[in-house]
Amino acid sequence: MKSTIYYFSATGNSLEIARQISKELDNCTIKSMTTKLPEEPVGGPDESIGFVFPVYYLDMPFFMEQFVEKLNILPGTFCFAITNYARYKGNALNNLEEILQKKNIQLDYADEVKMPGNYIVSYPPPNPDKLEEIFKTSRIKVDNIIKSISNNNKKTAEKSLLSRIFTKHLKFIIFGNISKWDEKFVADNKCTCCGQCSEVCPVENIKIENCHPIWQHHCERCLRCIQWCPTEAIQYGKKTVGIKRYHHPNVTVENFIETKD
Ligand SMILES: Cc1cc2nc3c(=O)[nH]c(=O)nc-3n(C[C@H](O)[C@H](O)[C@H](O)COP(=O)(O)O)c2cc1C
C-alpha cells in the first residue's frame with residue numbers, strides 16, 4: 001500500500017515521528033504541509049494518507065487547517081492522524097476529524113504522542129534526563145501506532161469535555177488575531193545576518209532588509225525563527241532572553257529547508 005505522510009514541525013518532534021512511521025510503512029513518502037498543495041487529488045482505495053503535527057493552542061496549527069480543508073482526498077483512502085503535544089492535547093484530532101468529515105473522508109486512525117514542549121515564550125525545554133524519559137516513552141507509543149496503522153486498525157479521536165466546549169469560535173475569542181503577534185520579535189546584536197530565520201520560516205513571514213530580519217505580520221507563532229537561530233540572537237520581547245533553545249536531537253535545520261519548495 002502506498003502511503004503519504006503530510007507533516008508540520010517547528011522543532012522536529014513531529015518530523016521525527018513522521019520519519020519513524022514512514023520507515024516501517026511500505027512505499028511511504030513524507031511531505032511538508034508548508035509546501036504547495038498537491039495539484040492532483042491524493043490517496044485512493046489502496047493508499048493511505050497521514051497527518052503528523054504538533055498541538056497549537058489545543059488545536060492544530062492555523063495554516064494546517066487551511067491545508068487540510070483544501071486538500072483533495074479521494075474516497076476510500078485510509079486516513080490517519082498523529083498529533084504530538086507537551087501537556088494538553090486539547091481538541092486537535094476532533095477538529096481535524098470534523099474537517100475531514102465535511103469532505104466525506106473518515107479519519108480511520110487518530111492518536112497522540114507526548115513530546116518535549118517547545119513553547120519557549122512560556123517555558124524552557126525539559127532538562128536532559130526528562131528529555132530522555134520523554135523520548136523513550138514516545139518511541140514505545142510510536143511503535144504501537146506503527147503496528148496499528150500497518151494493520152489498518154481503526155481508532156477514533158477521543159472526545160473530551162474540552163473538545164465540546166472549545167469550539168473554533170471560542171478559540172478566536174481567546175486568541176484573537178494572531179497576525180500582529182510578531183511585533184515583539186527582535187534580533188539583538190548577536191545577529192550575523194545569516195538569513196536562516198527567513199529560510200526556516202514556514203510561512204515566509206521574515207524578510208531580511210538592511211541585514212535585519214523584519215517580520216511581516218502573518219506569523220503562525222511556531223517560533224522556528226527563535227529555536228533555530230544559530231547565534232540565539234532572536235528574542236520575543238524579554239521572555240526568551242537566557243532561555244535554552246530546543247530542537248529534536250535527530251533533526252537538523254537542513255531537514256526543513258530541503259522540504260521547502
Ligand atoms: C504556538 C504553540 C502552541 C502550543 N500549544 C500547545 C498546547 O496547546 N498544548 C500542548 O500540550 N503543547 C503545545 N505546544 C507544544 C507543542 O505542541 C509540542 O512541543 C510539540 O511536540 C512540538 O512539535 P514540533 O517539534 O514538531 O513542532 C505549543 C507549541 C507552540 C509553538
# chains A, B, ... in the order shown; residues from 1 in each chain; ligands from 1
>>> residues_near_ligand(ligand="ligand 1", cutoff="8 Å", atoms="only C-alpha atoms and all ligand atoms", output="PDB file with N, CA and C atoms, in the first residue's frame")
ATOM      1  N   PHE A   8       3.792  18.781   9.710  1.00  0.00           N
ATOM      2  CA  PHE A   8       4.351  20.083  10.030  1.00  0.00           C
ATOM      3  C   PHE A   8       5.130  19.920  11.319  1.00  0.00           C
ATOM      4  N   SER A   9       6.247  20.611  11.415  1.00  0.00           N
ATOM      5  CA  SER A   9       7.081  20.507  12.601  1.00  0.00           C
ATOM      6  C   SER A   9       7.926  21.761  12.744  1.00  0.00           C
ATOM      7  N   ALA A  10       7.894  22.403  13.913  1.00  0.00           N
ATOM      8  CA  ALA A  10       8.741  23.583  14.124  1.00  0.00           C
ATOM      9  C   ALA A  10      10.096  23.189  14.683  1.00  0.00           C
ATOM     10  N   THR A  11      10.101  22.224  15.599  1.00  0.00           N
ATOM     11  CA  THR A  11      11.367  21.871  16.251  1.00  0.00           C
ATOM     12  C   THR A  11      11.736  20.396  16.063  1.00  0.00           C
ATOM     13  N   GLY A  12      11.068  19.719  15.158  1.00  0.00           N
ATOM     14  CA  GLY A  12      11.493  18.373  14.780  1.00  0.00           C
ATOM     15  C   GLY A  12      10.764  17.225  15.444  1.00  0.00           C
ATOM     16  N   ASN A  13       9.982  17.493  16.491  1.00  0.00           N
ATOM     17  CA  ASN A  13       9.296  16.373  17.165  1.00  0.00           C
ATOM     18  C   ASN A  13       8.372  15.641  16.187  1.00  0.00           C
ATOM     19  N   SER A  14       7.570  16.396  15.466  1.00  0.00           N
ATOM     20  CA  SER A  14       6.621  15.769  14.527  1.00  0.00           C
ATOM     21  C   SER A  14       7.375  15.129  13.366  1.00  0.00           C
ATOM     22  N   LEU A  15       8.445  15.789  12.915  1.00  0.00           N
ATOM     23  CA  LEU A  15       9.208  15.217  11.801  1.00  0.00           C
ATOM     24  C   LEU A  15       9.817  13.881  12.210  1.00  0.00           C
ATOM     25  N   GLU A  16      10.325  13.805  13.424  1.00  0.00           N
ATOM     26  CA  GLU A  16      10.934  12.553  13.886  1.00  0.00           C
ATOM     27  C   GLU A  16       9.865  11.448  13.955  1.00  0.00           C
ATOM     28  N   PHE A  53       1.538  16.192  13.264  1.00  0.00           N
ATOM     29  CA  PHE A  53       1.619  17.642  13.547  1.00  0.00           C
ATOM     30  C   PHE A  53       1.590  17.906  15.053  1.00  0.00           C
ATOM     31  N   PRO A  54       2.055  19.094  15.462  1.00  0.00           N
ATOM     32  CA  PRO A  54       2.005  19.450  16.884  1.00  0.00           C
ATOM     33  C   PRO A  54       0.657  20.078  17.258  1.00  0.00           C
ATOM     34  N   VAL A  55       0.296  19.969  18.523  1.00  0.00           N
ATOM     35  CA  VAL A  55      -0.874  20.713  19.020  1.00  0.00           C
ATOM     36  C   VAL A  55      -0.458  22.169  19.202  1.00  0.00           C
ATOM     37  N   TYR A  56      -1.254  23.076  18.656  1.00  0.00           N
ATOM     38  CA  TYR A  56      -1.051  24.512  18.891  1.00  0.00           C
ATOM     39  C   TYR A  56      -2.309  25.067  19.531  1.00  0.00           C
ATOM     40  N   TYR A  57      -2.168  25.590  20.722  1.00  0.00           N
ATOM     41  CA  TYR A  57      -3.309  26.169  21.430  1.00  0.00           C
ATOM     42  C   TYR A  57      -4.499  25.219  21.435  1.00  0.00           C
ATOM     43  N   LEU A  58      -4.249  24.000  21.847  1.00  0.00           N
ATOM     44  CA  LEU A  58      -5.266  22.948  21.989  1.00  0.00           C
ATOM     45  C   LEU A  58      -5.913  22.558  20.671  1.00  0.00           C
ATOM     46  N   ASP A  59      -5.290  22.914  19.573  1.00  0.00           N
ATOM     47  CA  ASP A  59      -5.860  22.639  18.251  1.00  0.00           C
ATOM     48  C   ASP A  59      -4.719  22.323  17.285  1.00  0.00           C
ATOM     49  N   PRO A  61      -2.232  23.576  14.080  1.00  0.00           N
ATOM     50  CA  PRO A  61      -1.767  24.898  13.632  1.00  0.00           C
ATOM     51  C   PRO A  61      -2.744  25.499  12.605  1.00  0.00           C
ATOM     52  N   ASN A  84       1.172  15.523  18.302  1.00  0.00           N
ATOM     53  CA  ASN A  84       2.026  15.441  19.489  1.00  0.00           C
ATOM     54  C   ASN A  84       1.961  16.749  20.253  1.00  0.00           C
ATOM     55  N   TYR A  85       2.144  16.632  21.558  1.00  0.00           N
ATOM     56  CA  TYR A  85       1.855  17.761  22.438  1.00  0.00           C
ATOM     57  C   TYR A  85       2.745  17.669  23.679  1.00  0.00           C
ATOM     58  N   ALA A  86       2.798  18.795  24.420  1.00  0.00           N
ATOM     59  CA  ALA A  86       3.654  18.804  25.608  1.00  0.00           C
ATOM     60  C   ALA A  86       2.865  18.491  26.876  1.00  0.00           C
ATOM     61  N   ARG A  87       1.671  19.111  27.003  1.00  0.00           N
ATOM     62  CA  ARG A  87       0.906  18.925  28.251  1.00  0.00           C
ATOM     63  C   ARG A  87      -0.569  18.695  28.019  1.00  0.00           C
ATOM     64  N   TYR A  88      -1.190  19.500  27.151  1.00  0.00           N
ATOM     65  CA  TYR A  88      -2.641  19.428  26.957  1.00  0.00           C
ATOM     66  C   TYR A  88      -2.939  19.171  25.487  1.00  0.00           C
ATOM     67  N   LYS A  89      -3.479  17.990  25.198  1.00  0.00           N
ATOM     68  CA  LYS A  89      -3.671  17.639  23.785  1.00  0.00           C
ATOM     69  C   LYS A  89      -4.886  18.330  23.168  1.00  0.00           C
ATOM     70  N   GLY A  90      -5.832  18.745  24.009  1.00  0.00           N
ATOM     71  CA  GLY A  90      -6.950  19.561  23.539  1.00  0.00           C
ATOM     72  C   GLY A  90      -7.797  18.909  22.479  1.00  0.00           C
ATOM     73  N   LYS A 114       3.057  12.138  23.500  1.00  0.00           N
ATOM     74  CA  LYS A 114       3.592  13.228  24.322  1.00  0.00           C
ATOM     75  C   LYS A 114       5.058  13.455  23.936  1.00  0.00           C
ATOM     76  N   MET A 115       5.421  14.689  23.688  1.00  0.00           N
ATOM     77  CA  MET A 115       6.796  15.021  23.284  1.00  0.00           C
ATOM     78  C   MET A 115       7.278  16.241  24.085  1.00  0.00           C
ATOM     79  N   PRO A 116       8.554  16.583  23.983  1.00  0.00           N
ATOM     80  CA  PRO A 116       9.031  17.755  24.734  1.00  0.00           C
ATOM     81  C   PRO A 116       8.341  19.051  24.287  1.00  0.00           C
ATOM     82  N   GLY A 117       8.032  19.895  25.255  1.00  0.00           N
ATOM     83  CA  GLY A 117       7.388  21.179  24.954  1.00  0.00           C
ATOM     84  C   GLY A 117       8.361  22.144  24.301  1.00  0.00           C
ATOM     85  N   ASN A 118       7.860  22.924  23.330  1.00  0.00           N
ATOM     86  CA  ASN A 118       8.742  23.875  22.637  1.00  0.00           C
ATOM     87  C   ASN A 118       8.179  25.300  22.628  1.00  0.00           C
ATOM     88  N   TYR A 119       7.204  25.574  23.511  1.00  0.00           N
ATOM     89  CA  TYR A 119       6.607  26.913  23.514  1.00  0.00           C
ATOM     90  C   TYR A 119       7.493  27.828  24.373  1.00  0.00           C
ATOM     91  N   ILE A 120       8.605  28.192  23.774  1.00  0.00           N
ATOM     92  CA  ILE A 120       9.682  28.864  24.516  1.00  0.00           C
ATOM     93  C   ILE A 120       9.265  30.216  25.117  1.00  0.00           C
ATOM     94  N   GLU A 220       2.676  32.553  12.295  1.00  0.00           N
ATOM     95  CA  GLU A 220       1.900  31.403  12.797  1.00  0.00           C
ATOM     96  C   GLU A 220       2.320  31.026  14.212  1.00  0.00           C
ATOM     97  N   ARG A 221       3.259  31.785  14.767  1.00  0.00           N
ATOM     98  CA  ARG A 221       3.737  31.599  16.140  1.00  0.00           C
ATOM     99  C   ARG A 221       4.498  30.291  16.372  1.00  0.00           C
ATOM    100  N   CYS A 222       5.013  29.668  15.325  1.00  0.00           N
ATOM    101  CA  CYS A 222       5.654  28.364  15.546  1.00  0.00           C
ATOM    102  C   CYS A 222       6.982  28.504  16.273  1.00  0.00           C
ATOM    103  N   LEU A 223       7.578  29.716  16.198  1.00  0.00           N
ATOM    104  CA  LEU A 223       8.822  30.038  16.915  1.00  0.00           C
ATOM    105  C   LEU A 223      10.060  29.334  16.367  1.00  0.00           C
ATOM    106  N   HIS A 247      15.575  21.782  19.953  1.00  0.00           N
ATOM    107  CA  HIS A 247      15.064  21.056  18.790  1.00  0.00           C
ATOM    108  C   HIS A 247      15.345  19.582  18.983  1.00  0.00           C
ATOM    109  N   HIS A 248      14.585  18.739  18.290  1.00  0.00           N
ATOM    110  CA  HIS A 248      14.780  17.302  18.446  1.00  0.00           C
ATOM    111  C   HIS A 248      16.200  16.941  18.029  1.00  0.00           C
TER     112      HIS A 248
END
>>> residues_around(residues="Pro213 in chain A", least_positions_apart="2", cutoff="9 Å", atoms="only C-alpha atoms", output="VMD selection string")
chain A and resid 186 to 187 193 195 197 to 198 206 to 211 215
>>> closest_residue(among="A:Ser122, A:Asn151, A:Asn72, A:Gln216", to="Thr240 in chain A", atoms="only C-alpha atoms")
A:Ser122
>>> closest_residue(among="A:Val52, A:Ile73, A:Met60, A:Val68", to="Asn104 in chain A", atoms="only C-alpha atoms")
A:Ile73
>>> closest_atom_pairs(of="range 69-177 of chain A", to="range 39-51 of chain A", cutoff="12 Å", atoms="only C-alpha atoms", output="Markdown table")
| residue | atom | partner | partner_atom | distance |
| --- | --- | --- | --- | --- |
| A:Lys70 | CA | A:Glu39 | CA | 10.3 |
| A:Leu71 | CA | A:Pro41 | CA | 7.5 |
| A:Asn72 | CA | A:Pro41 | CA | 4.8 |
| A:Ile73 | CA | A:Val42 | CA | 5.0 |
| A:Leu74 | CA | A:Gly44 | CA | 5.0 |
| A:Pro75 | CA | A:Gly44 | CA | 6.1 |
| A:Gly76 | CA | A:Pro45 | CA | 4.4 |
| A:Thr77 | CA | A:Gly44 | CA | 4.7 |
| A:Phe78 | CA | A:Ser48 | CA | 4.5 |
| A:Cys79 | CA | A:Ile49 | CA | 5.0 |
| A:Phe80 | CA | A:Gly50 | CA | 4.6 |
| A:Ala81 | CA | A:Phe51 | CA | 4.6 |
| A:Ile82 | CA | A:Phe51 | CA | 6.2 |
| A:Thr83 | CA | A:Phe51 | CA | 7.9 |
| A:Asn84 | CA | A:Phe51 | CA | 11.0 |
| A:Ala92 | CA | A:Phe51 | CA | 11.4 |
| A:Leu93 | CA | A:Phe51 | CA | 10.1 |
| A:Leu96 | CA | A:Phe51 | CA | 9.5 |
| A:Glu97 | CA | A:Phe51 | CA | 11.2 |
| A:Leu100 | CA | A:Phe51 | CA | 11.6 |
| A:Ile105 | CA | A:Gly43 | CA | 10.8 |
| A:Gln106 | CA | A:Ile49 | CA | 11.2 |
| A:Leu107 | CA | A:Gly50 | CA | 9.5 |
| A:Asp108 | CA | A:Ser48 | CA | 9.9 |
| A:Tyr109 | CA | A:Gly50 | CA | 9.1 |
| A:Ala110 | CA | A:Phe51 | CA | 9.5 |
| A:Asp111 | CA | A:Phe51 | CA | 10.6 |
| A:Glu112 | CA | A:Phe51 | CA | 11.3 |
| A:Ile145 | CA | A:Gly50 | CA | 11.9 |
| A:Ile146 | CA | A:Gly50 | CA | 11.6 |
| A:Ile149 | CA | A:Ser48 | CA | 9.2 |
| A:Ser150 | CA | A:Ser48 | CA | 10.0 |
| A:Asn151 | CA | A:Ser48 | CA | 11.7 |
| A:Asn152 | CA | A:Ser48 | CA | 9.2 |
>>> decode(residues="range 44-83 of chain A", atoms="N, CA and C atoms", output="mmCIF file, in the first residue's frame")
data_model
loop_
_atom_site.group_PDB
_atom_site.id
_atom_site.type_symbol
_atom_site.label_atom_id
_atom_site.label_comp_id
_atom_site.auth_asym_id
_atom_site.auth_seq_id
_atom_site.Cartn_x
_atom_site.Cartn_y
_atom_site.Cartn_z
ATOM 1 N N GLY A 44 -6.646 7.256 -2.370
ATOM 2 C CA GLY A 44 -7.396 6.299 -3.184
ATOM 3 C C GLY A 44 -7.592 5.022 -2.385
ATOM 4 N N PRO A 45 -8.390 4.087 -2.888
ATOM 5 C CA PRO A 45 -8.729 2.889 -2.119
ATOM 6 C C PRO A 45 -7.525 2.067 -1.638
ATOM 7 N N ASP A 46 -6.413 2.053 -2.395
ATOM 8 C CA ASP A 46 -5.269 1.257 -1.934
ATOM 9 C C ASP A 46 -4.159 2.123 -1.374
ATOM 10 N N GLU A 47 -4.524 3.289 -0.910
ATOM 11 C CA GLU A 47 -3.491 4.205 -0.409
ATOM 12 C C GLU A 47 -3.838 4.702 0.986
ATOM 13 N N SER A 48 -2.803 5.133 1.701
ATOM 14 C CA SER A 48 -3.096 5.770 2.982
ATOM 15 C C SER A 48 -2.455 7.160 3.025
ATOM 16 N N ILE A 49 -3.161 8.040 3.728
ATOM 17 C CA ILE A 49 -2.680 9.416 3.901
ATOM 18 C C ILE A 49 -2.610 9.680 5.397
ATOM 19 N N GLY A 50 -1.477 10.213 5.849
ATOM 20 C CA GLY A 50 -1.342 10.510 7.276
ATOM 21 C C GLY A 50 -1.022 11.976 7.511
ATOM 22 N N PHE A 51 -1.424 12.472 8.674
ATOM 23 C CA PHE A 51 -1.082 13.831 9.089
ATOM 24 C C PHE A 51 -0.343 13.718 10.419
ATOM 25 N N VAL A 52 0.847 14.309 10.495
ATOM 26 C CA VAL A 52 1.603 14.305 11.753
ATOM 27 C C VAL A 52 1.933 15.763 12.084
ATOM 28 N N PHE A 53 1.538 16.192 13.264
ATOM 29 C CA PHE A 53 1.619 17.642 13.547
ATOM 30 C C PHE A 53 1.590 17.906 15.053
ATOM 31 N N PRO A 54 2.055 19.094 15.462
ATOM 32 C CA PRO A 54 2.005 19.450 16.884
ATOM 33 C C PRO A 54 0.657 20.078 17.258
ATOM 34 N N VAL A 55 0.296 19.969 18.523
ATOM 35 C CA VAL A 55 -0.874 20.713 19.020
ATOM 36 C C VAL A 55 -0.458 22.169 19.202
ATOM 37 N N TYR A 56 -1.254 23.076 18.656
ATOM 38 C CA TYR A 56 -1.051 24.512 18.891
ATOM 39 C C TYR A 56 -2.309 25.067 19.531
ATOM 40 N N TYR A 57 -2.168 25.590 20.722
ATOM 41 C CA TYR A 57 -3.309 26.169 21.430
ATOM 42 C C TYR A 57 -4.499 25.219 21.435
ATOM 43 N N LEU A 58 -4.249 24.000 21.847
ATOM 44 C CA LEU A 58 -5.266 22.948 21.989
ATOM 45 C C LEU A 58 -5.913 22.558 20.671
ATOM 46 N N ASP A 59 -5.290 22.914 19.573
ATOM 47 C CA ASP A 59 -5.860 22.639 18.251
ATOM 48 C C ASP A 59 -4.719 22.323 17.285
ATOM 49 N N MET A 60 -5.022 22.226 16.002
ATOM 50 C CA MET A 60 -3.945 22.063 15.020
ATOM 51 C C MET A 60 -3.439 23.464 14.622
ATOM 52 N N PRO A 61 -2.232 23.576 14.080
ATOM 53 C CA PRO A 61 -1.767 24.898 13.632
ATOM 54 C C PRO A 61 -2.744 25.499 12.605
ATOM 55 N N PHE A 62 -2.865 26.843 12.644
ATOM 56 C CA PHE A 62 -3.838 27.529 11.779
ATOM 57 C C PHE A 62 -3.674 27.165 10.305
ATOM 58 N N PHE A 63 -2.428 27.254 9.799
ATOM 59 C CA PHE A 63 -2.261 27.048 8.354
ATOM 60 C C PHE A 63 -2.469 25.597 7.964
ATOM 61 N N MET A 64 -2.311 24.687 8.918
ATOM 62 C CA MET A 64 -2.563 23.274 8.621
ATOM 63 C C MET A 64 -4.056 23.063 8.354
ATOM 64 N N GLU A 65 -4.859 23.765 9.152
ATOM 65 C CA GLU A 65 -6.312 23.670 8.974
ATOM 66 C C GLU A 65 -6.678 24.031 7.527
ATOM 67 N N GLN A 66 -6.077 25.122 7.055
ATOM 68 C CA GLN A 66 -6.362 25.560 5.678
ATOM 69 C C GLN A 66 -5.849 24.539 4.666
ATOM 70 N N PHE A 67 -4.688 23.965 4.952
ATOM 71 C CA PHE A 67 -4.091 22.965 4.052
ATOM 72 C C PHE A 67 -5.046 21.770 3.909
ATOM 73 N N VAL A 68 -5.524 21.269 5.057
ATOM 74 C CA VAL A 68 -6.375 20.066 5.014
ATOM 75 C C VAL A 68 -7.721 20.398 4.361
ATOM 76 N N GLU A 69 -8.241 21.595 4.658
ATOM 77 C CA GLU A 69 -9.520 21.976 4.047
ATOM 78 C C GLU A 69 -9.428 21.947 2.521
ATOM 79 N N LYS A 70 -8.273 22.372 1.997
ATOM 80 C CA LYS A 70 -8.133 22.459 0.531
ATOM 81 C C LYS A 70 -7.664 21.162 -0.108
ATOM 82 N N LEU A 71 -7.086 20.252 0.694
ATOM 83 C CA LEU A 71 -6.522 19.022 0.123
ATOM 84 C C LEU A 71 -7.639 18.140 -0.453
ATOM 85 N N ASN A 72 -7.451 17.728 -1.689
ATOM 86 C CA ASN A 72 -8.462 16.898 -2.349
ATOM 87 C C ASN A 72 -8.112 15.414 -2.126
ATOM 88 N N ILE A 73 -8.838 14.781 -1.202
ATOM 89 C CA ILE A 73 -8.541 13.379 -0.847
ATOM 90 C C ILE A 73 -9.584 12.482 -1.496
ATOM 91 N N LEU A 74 -9.113 11.465 -2.178
ATOM 92 C CA LEU A 74 -10.046 10.568 -2.884
ATOM 93 C C LEU A 74 -10.788 9.654 -1.904
ATOM 94 N N PRO A 75 -12.056 9.333 -2.211
ATOM 95 C CA PRO A 75 -12.813 8.433 -1.338
ATOM 96 C C PRO A 75 -12.110 7.084 -1.207
ATOM 97 N N GLY A 76 -12.274 6.444 -0.051
ATOM 98 C CA GLY A 76 -11.700 5.114 0.154
ATOM 99 C C GLY A 76 -10.285 5.135 0.694
ATOM 100 N N THR A 77 -9.715 6.337 0.850
ATOM 101 C CA THR A 77 -8.344 6.444 1.384
ATOM 102 C C THR A 77 -8.336 6.078 2.870
ATOM 103 N N PHE A 78 -7.329 5.302 3.308
ATOM 104 C CA PHE A 78 -7.158 5.055 4.740
ATOM 105 C C PHE A 78 -6.443 6.280 5.314
ATOM 106 N N CYS A 79 -7.133 6.973 6.222
ATOM 107 C CA CYS A 79 -6.594 8.238 6.736
ATOM 108 C C CYS A 79 -6.176 8.102 8.198
ATOM 109 N N PHE A 80 -4.968 8.550 8.517
ATOM 110 C CA PHE A 80 -4.567 8.540 9.932
ATOM 111 C C PHE A 80 -3.985 9.898 10.327
ATOM 112 N N ALA A 81 -4.079 10.189 11.613
ATOM 113 C CA ALA A 81 -3.528 11.460 12.109
ATOM 114 C C ALA A 81 -2.873 11.220 13.457
ATOM 115 N N ILE A 82 -1.641 11.691 13.595
ATOM 116 C CA ILE A 82 -0.909 11.563 14.857
ATOM 117 C C ILE A 82 -0.496 12.972 15.270
ATOM 118 N N THR A 83 -1.011 13.395 16.410
ATOM 119 C CA THR A 83 -0.609 14.704 16.893
ATOM 120 C C THR A 83 0.358 14.525 18.058
#
